[in-house]
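What's in start_34.pdb: PDB, C-alpha atoms
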```pdb
ATOM      1  CA  MET Z   1      -1.387  -4.073   5.340  1.00  0.00           C
ATOM      2  CA  SER Z   2      -5.081  -4.619   6.000  1.00  0.00           C
ATOM      3  CA  ASN Z   3      -4.578  -4.657   9.793  1.00  0.00           C
ATOM      4  CA  GLN Z   4      -2.444  -1.531   9.831  1.00  0.00           C
ATOM      5  CA  TYR Z   5      -3.884   1.851  10.599  1.00  0.00           C
ATOM      6  CA  HIS Z   6      -1.153   4.435   9.968  1.00  0.00           C
ATOM      7  CA  ILE Z   7      -2.436   6.906  12.549  1.00  0.00           C
ATOM      8  CA  HIS Z   8      -0.388   9.953  13.563  1.00  0.00           C
ATOM      9  CA  LEU Z   9      -1.286  11.837  16.753  1.00  0.00           C
ATOM     10  CA  LEU Z  10       0.220  15.322  17.030  1.00  0.00           C
ATOM     11  CA  ILE Z  11       0.005  17.271  20.291  1.00  0.00           C
ATOM     12  CA  THR Z  12       1.037  20.836  21.074  1.00  0.00           C
ATOM     13  CA  GLY Z  13       0.408  22.439  24.424  1.00  0.00           C
ATOM     14  CA  LYS Z  14       1.545  24.168  27.569  1.00  0.00           C
ATOM     15  CA  ILE Z  15       2.725  22.235  30.610  1.00  0.00           C
ATOM     16  CA  ARG Z  16       3.549  23.182  34.193  1.00  0.00           C
ATOM     17  CA  ASN Z  17       6.186  20.518  34.905  1.00  0.00           C
ATOM     18  CA  THR Z  18       9.104  21.177  32.552  1.00  0.00           C
ATOM     19  CA  LYS Z  19      11.816  20.007  34.951  1.00  0.00           C
ATOM     20  CA  VAL Z  20      11.941  16.390  33.860  1.00  0.00           C
ATOM     21  CA  SER Z  21      15.200  14.473  33.953  1.00  0.00           C
ATOM     22  CA  GLU Z  22      16.438  12.411  31.037  1.00  0.00           C
ATOM     23  CA  GLN Z  23      15.963   9.245  33.113  1.00  0.00           C
ATOM     24  CA  ASP Z  24      12.419  10.183  34.124  1.00  0.00           C
ATOM     25  CA  LEU Z  25      11.520  10.810  30.479  1.00  0.00           C
ATOM     26  CA  LYS Z  26      12.927   7.440  29.410  1.00  0.00           C
ATOM     27  CA  GLU Z  27      10.914   5.669  32.117  1.00  0.00           C
ATOM     28  CA  TRP Z  28       7.795   7.620  31.131  1.00  0.00           C
ATOM     29  CA  PHE Z  29       8.155   6.525  27.503  1.00  0.00           C
ATOM     30  CA  SER Z  30       8.608   2.872  28.500  1.00  0.00           C
ATOM     31  CA  ASN Z  31       5.488   3.058  30.646  1.00  0.00           C
ATOM     32  CA  LEU Z  32       3.473   4.802  27.910  1.00  0.00           C
ATOM     33  CA  VAL Z  33       4.399   2.111  25.388  1.00  0.00           C
ATOM     34  CA  LYS Z  34       3.077  -0.568  27.755  1.00  0.00           C
ATOM     35  CA  LEU Z  35      -0.114   1.360  28.522  1.00  0.00           C
ATOM     36  CA  ILE Z  36      -1.023   1.691  24.839  1.00  0.00           C
ATOM     37  CA  ASP Z  37      -0.295  -2.033  24.352  1.00  0.00           C
ATOM     38  CA  MET Z  38       2.726  -1.656  22.120  1.00  0.00           C
ATOM     39  CA  GLU Z  39       6.293  -2.950  22.206  1.00  0.00           C
ATOM     40  CA  GLU Z  40       9.601  -1.116  22.291  1.00  0.00           C
ATOM     41  CA  PHE Z  41      11.721  -1.706  19.212  1.00  0.00           C
ATOM     42  CA  HIS Z  42      14.566   0.271  20.804  1.00  0.00           C
ATOM     43  CA  GLU Z  43      14.793   1.602  24.324  1.00  0.00           C
ATOM     44  CA  PRO Z  44      13.894   5.271  24.808  1.00  0.00           C
ATOM     45  CA  ILE Z  45      16.517   7.954  24.310  1.00  0.00           C
ATOM     46  CA  ALA Z  46      16.363  11.326  26.073  1.00  0.00           C
ATOM     47  CA  LYS Z  47      18.740  14.263  26.061  1.00  0.00           C
ATOM     48  CA  TYR Z  48      18.686  17.667  27.717  1.00  0.00           C
ATOM     49  CA  ASP Z  49      19.677  20.604  25.494  1.00  0.00           C
ATOM     50  CA  GLU Z  50      21.459  23.431  27.320  1.00  0.00           C
ATOM     51  CA  THR Z  51      21.660  25.731  24.284  1.00  0.00           C
ATOM     52  CA  VAL Z  52      20.643  29.232  25.396  1.00  0.00           C
ATOM     53  CA  GLY Z  53      17.087  29.907  24.245  1.00  0.00           C
ATOM     54  CA  ASN Z  54      16.455  26.249  23.520  1.00  0.00           C
ATOM     55  CA  GLU Z  55      16.813  24.728  26.991  1.00  0.00           C
ATOM     56  CA  GLY Z  56      14.734  21.628  27.453  1.00  0.00           C
ATOM     57  CA  VAL Z  57      14.525  17.894  27.093  1.00  0.00           C
ATOM     58  CA  THR Z  58      13.836  15.823  23.988  1.00  0.00           C
ATOM     59  CA  GLY Z  59      13.047  12.142  23.867  1.00  0.00           C
ATOM     60  CA  ILE Z  60      12.145   9.423  21.421  1.00  0.00           C
ATOM     61  CA  VAL Z  61      11.160   5.795  21.581  1.00  0.00           C
ATOM     62  CA  LEU Z  62      11.036   3.424  18.643  1.00  0.00           C
ATOM     63  CA  ILE Z  63       8.130   1.013  18.795  1.00  0.00           C
ATOM     64  CA  THR Z  64       7.586  -2.044  16.632  1.00  0.00           C
ATOM     65  CA  THR Z  65       4.759  -0.189  14.905  1.00  0.00           C
ATOM     66  CA  SER Z  66       6.720   3.100  14.477  1.00  0.00           C
ATOM     67  CA  HIS Z  67       7.731   5.812  16.999  1.00  0.00           C
ATOM     68  CA  SER Z  68       6.868   8.478  19.540  1.00  0.00           C
ATOM     69  CA  SER Z  69       8.763  11.669  20.349  1.00  0.00           C
ATOM     70  CA  VAL Z  70       8.483  14.649  22.656  1.00  0.00           C
ATOM     71  CA  HIS Z  71      10.165  18.039  22.895  1.00  0.00           C
ATOM     72  CA  ILE Z  72       9.803  20.211  26.008  1.00  0.00           C
ATOM     73  CA  TRP Z  73      11.090  23.747  26.462  1.00  0.00           C
ATOM     74  CA  ASP Z  74      11.860  24.965  29.987  1.00  0.00           C
ATOM     75  CA  GLU Z  75      11.291  28.669  29.432  1.00  0.00           C
ATOM     76  CA  ASN Z  76       7.714  28.704  28.210  1.00  0.00           C
ATOM     77  CA  GLY Z  77       6.379  25.249  29.044  1.00  0.00           C
ATOM     78  CA  LEU Z  78       5.839  24.327  25.409  1.00  0.00           C
ATOM     79  CA  ILE Z  79       5.389  20.626  24.681  1.00  0.00           C
ATOM     80  CA  GLN Z  80       5.423  19.082  21.206  1.00  0.00           C
ATOM     81  CA  PHE Z  81       4.540  15.379  21.136  1.00  0.00           C
ATOM     82  CA  ASP Z  82       3.794  12.883  18.419  1.00  0.00           C
ATOM     83  CA  LEU Z  83       2.906   9.224  18.214  1.00  0.00           C
ATOM     84  CA  TYR Z  84       2.788   7.451  14.875  1.00  0.00           C
ATOM     85  CA  SER Z  85       1.607   3.874  14.773  1.00  0.00           C
ATOM     86  CA  CYS Z  86       0.373   1.205  12.421  1.00  0.00           C
ATOM     87  CA  LYS Z  87      -1.658  -0.183  15.322  1.00  0.00           C
ATOM     88  CA  GLU Z  88      -4.699   1.376  16.974  1.00  0.00           C
ATOM     89  CA  PHE Z  89      -4.205   3.134  20.300  1.00  0.00           C
ATOM     90  CA  ASP Z  90      -6.353   5.025  22.780  1.00  0.00           C
ATOM     91  CA  GLU Z  91      -5.726   8.790  22.618  1.00  0.00           C
ATOM     92  CA  SER Z  92      -7.229   9.262  26.089  1.00  0.00           C
ATOM     93  CA  VAL Z  93      -4.492   7.090  27.590  1.00  0.00           C
ATOM     94  CA  VAL Z  94      -1.838   9.264  25.942  1.00  0.00           C
ATOM     95  CA  ILE Z  95      -3.516  12.455  27.218  1.00  0.00           C
ATOM     96  CA  SER Z  96      -3.764  11.041  30.752  1.00  0.00           C
ATOM     97  CA  GLU Z  97      -0.101  10.072  30.764  1.00  0.00           C
ATOM     98  CA  ILE Z  98       0.996  13.466  29.470  1.00  0.00           C
ATOM     99  CA  ASP Z  99      -1.025  15.061  32.262  1.00  0.00           C
ATOM    100  CA  ARG Z 100       0.342  12.712  34.924  1.00  0.00           C
ATOM    101  CA  MET Z 101       3.946  13.435  33.970  1.00  0.00           C
ATOM    102  CA  PHE Z 102       3.838  17.044  32.821  1.00  0.00           C
ATOM    103  CA  ASP Z 103       0.652  18.563  34.353  1.00  0.00           C
ATOM    104  CA  PHE Z 104      -0.744  20.256  31.255  1.00  0.00           C
ATOM    105  CA  GLU Z 105      -2.574  23.581  31.228  1.00  0.00           C
ATOM    106  CA  PHE Z 106      -3.934  22.859  27.750  1.00  0.00           C
ATOM    107  CA  LEU Z 107      -3.259  20.515  24.855  1.00  0.00           C
ATOM    108  CA  ASN Z 108      -4.260  20.810  21.209  1.00  0.00           C
ATOM    109  CA  THR Z 109      -4.393  17.515  19.349  1.00  0.00           C
ATOM    110  CA  MET Z 110      -4.671  16.526  15.726  1.00  0.00           C
ATOM    111  CA  THR Z 111      -5.042  12.969  14.520  1.00  0.00           C
ATOM    112  CA  ILE Z 112      -4.055  12.248  10.952  1.00  0.00           C
ATOM    113  CA  ASP Z 113      -5.053   9.100   9.087  1.00  0.00           C
ATOM    114  CA  ARG Z 114      -2.133   8.332   6.797  1.00  0.00           C
ATOM    115  CA  ASN Z 115      -3.678   5.287   5.120  1.00  0.00           C
ATOM    116  CA  ASN Z 116      -3.836   4.828   1.376  1.00  0.00           C
ATOM    117  CA  PHE Z 117      -1.085   7.377   0.707  1.00  0.00           C
ATOM    118  CA  LYS Z 118      -3.230  10.243   2.038  1.00  0.00           C
ATOM    119  CA  ASN Z 119      -2.925  12.547   5.028  1.00  0.00           C
ATOM    120  CA  GLU Z 120      -6.476  13.094   6.199  1.00  0.00           C
ATOM    121  CA  VAL Z 121      -7.167  14.960   9.445  1.00  0.00           C
ATOM    122  CA  VAL Z 122      -9.719  12.785  11.221  1.00  0.00           C
ATOM    123  CA  SER Z 123      -9.986  14.684  14.514  1.00  0.00           C
ATOM    124  CA  THR Z 124      -8.841  17.714  16.421  1.00  0.00           C
ATOM    125  CA  ASN Z 125      -9.381  18.259  20.133  1.00  0.00           C
ATOM    126  CA  VAL Z 126      -8.580  20.831  22.788  1.00  0.00           C
ATOM    127  CA  TYR Z 127      -8.011  19.709  26.368  1.00  0.00           C
ATOM    128  CA  LYS Z 128      -7.981  22.389  29.089  1.00  0.00           C
ATOM    129  CA  LYS Z 129      -7.706  22.231  32.848  1.00  0.00           C
TER     130      LYS Z 129
END
```

Encoding of this model in structure tokens:
Amino acid sequence: MSNQYHIHLLITGKIRNTKVSEQDLKEWFSNLVKLIDMEEFHEPIAKYDETVGNEGVTGIVLITTSHSSVHIWDENGLIQFDLYSCKEFDESVVISEIDRMFDFEFLNTMTIDRNNFKNEVVSTNVYKK
């Protein structure tokens, strides 16, 4: 376990582009995994929810070092994203890819170090455009 980091990136924000197809989200996840130098453990899954008041797309990808997921609501442009990994990754790459795909207005991030059976917040950031 000495080379594992157990880092959990949580992102909440508002995006302009909520009209993302299931296929586009799957392709975005596959690309993100490559850009952060990780490997898919299972291909991405994405599903659009048509439930009134909950319309939006949800996706997940399993990576060999853990997972990433996203939930997007059409009505208010809310995005909830997380990436948990036992391997280091560059948060700025994740932010850039979220912006490229979803055109964020703002993002609030929290990075949690989950090593040694603790949950220690190691950083919080606000990104605005």

From (13.2, 24.5, 17.1), in the file's coordinates, out to 10 Å: which residues are reached, counting all atoms listed in the file? Answer as a ChimeraX atom specification. /Z:53-54,71,73

Give me, please, the distance in Å between atom CA of Z:Glu43 and atom CA of Z:Asp24, quoted to one decimal.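 Computing the Euclidean distance for atom CA of Z:Glu43 and atom CA of Z:Asp24 yields 13.2 Å.
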
Straight-line distance linking atom CA of Z:Val70 with atom CA of Z:Thr51, stated in Å to one decimal: 17.3 Å

Write out as a PyMOL selection string which residues come within 9 Å of stretch 114-116 of chain Z when counting all atoms listed in the file, dropping same-chain ones fewer than 5 positions away. chain Z and resi 4-8+121

Residues near stretch 94-100 of chain Z, anyone? I mean within 10 Å using only C-alpha atoms, not counting same-chain ones fewer than 3 positions away, as a ChimeraX atom specification. /Z:9,11,15-17,28-29,31-33,35-36,79,81,83,89-91,103-107,109,127,129
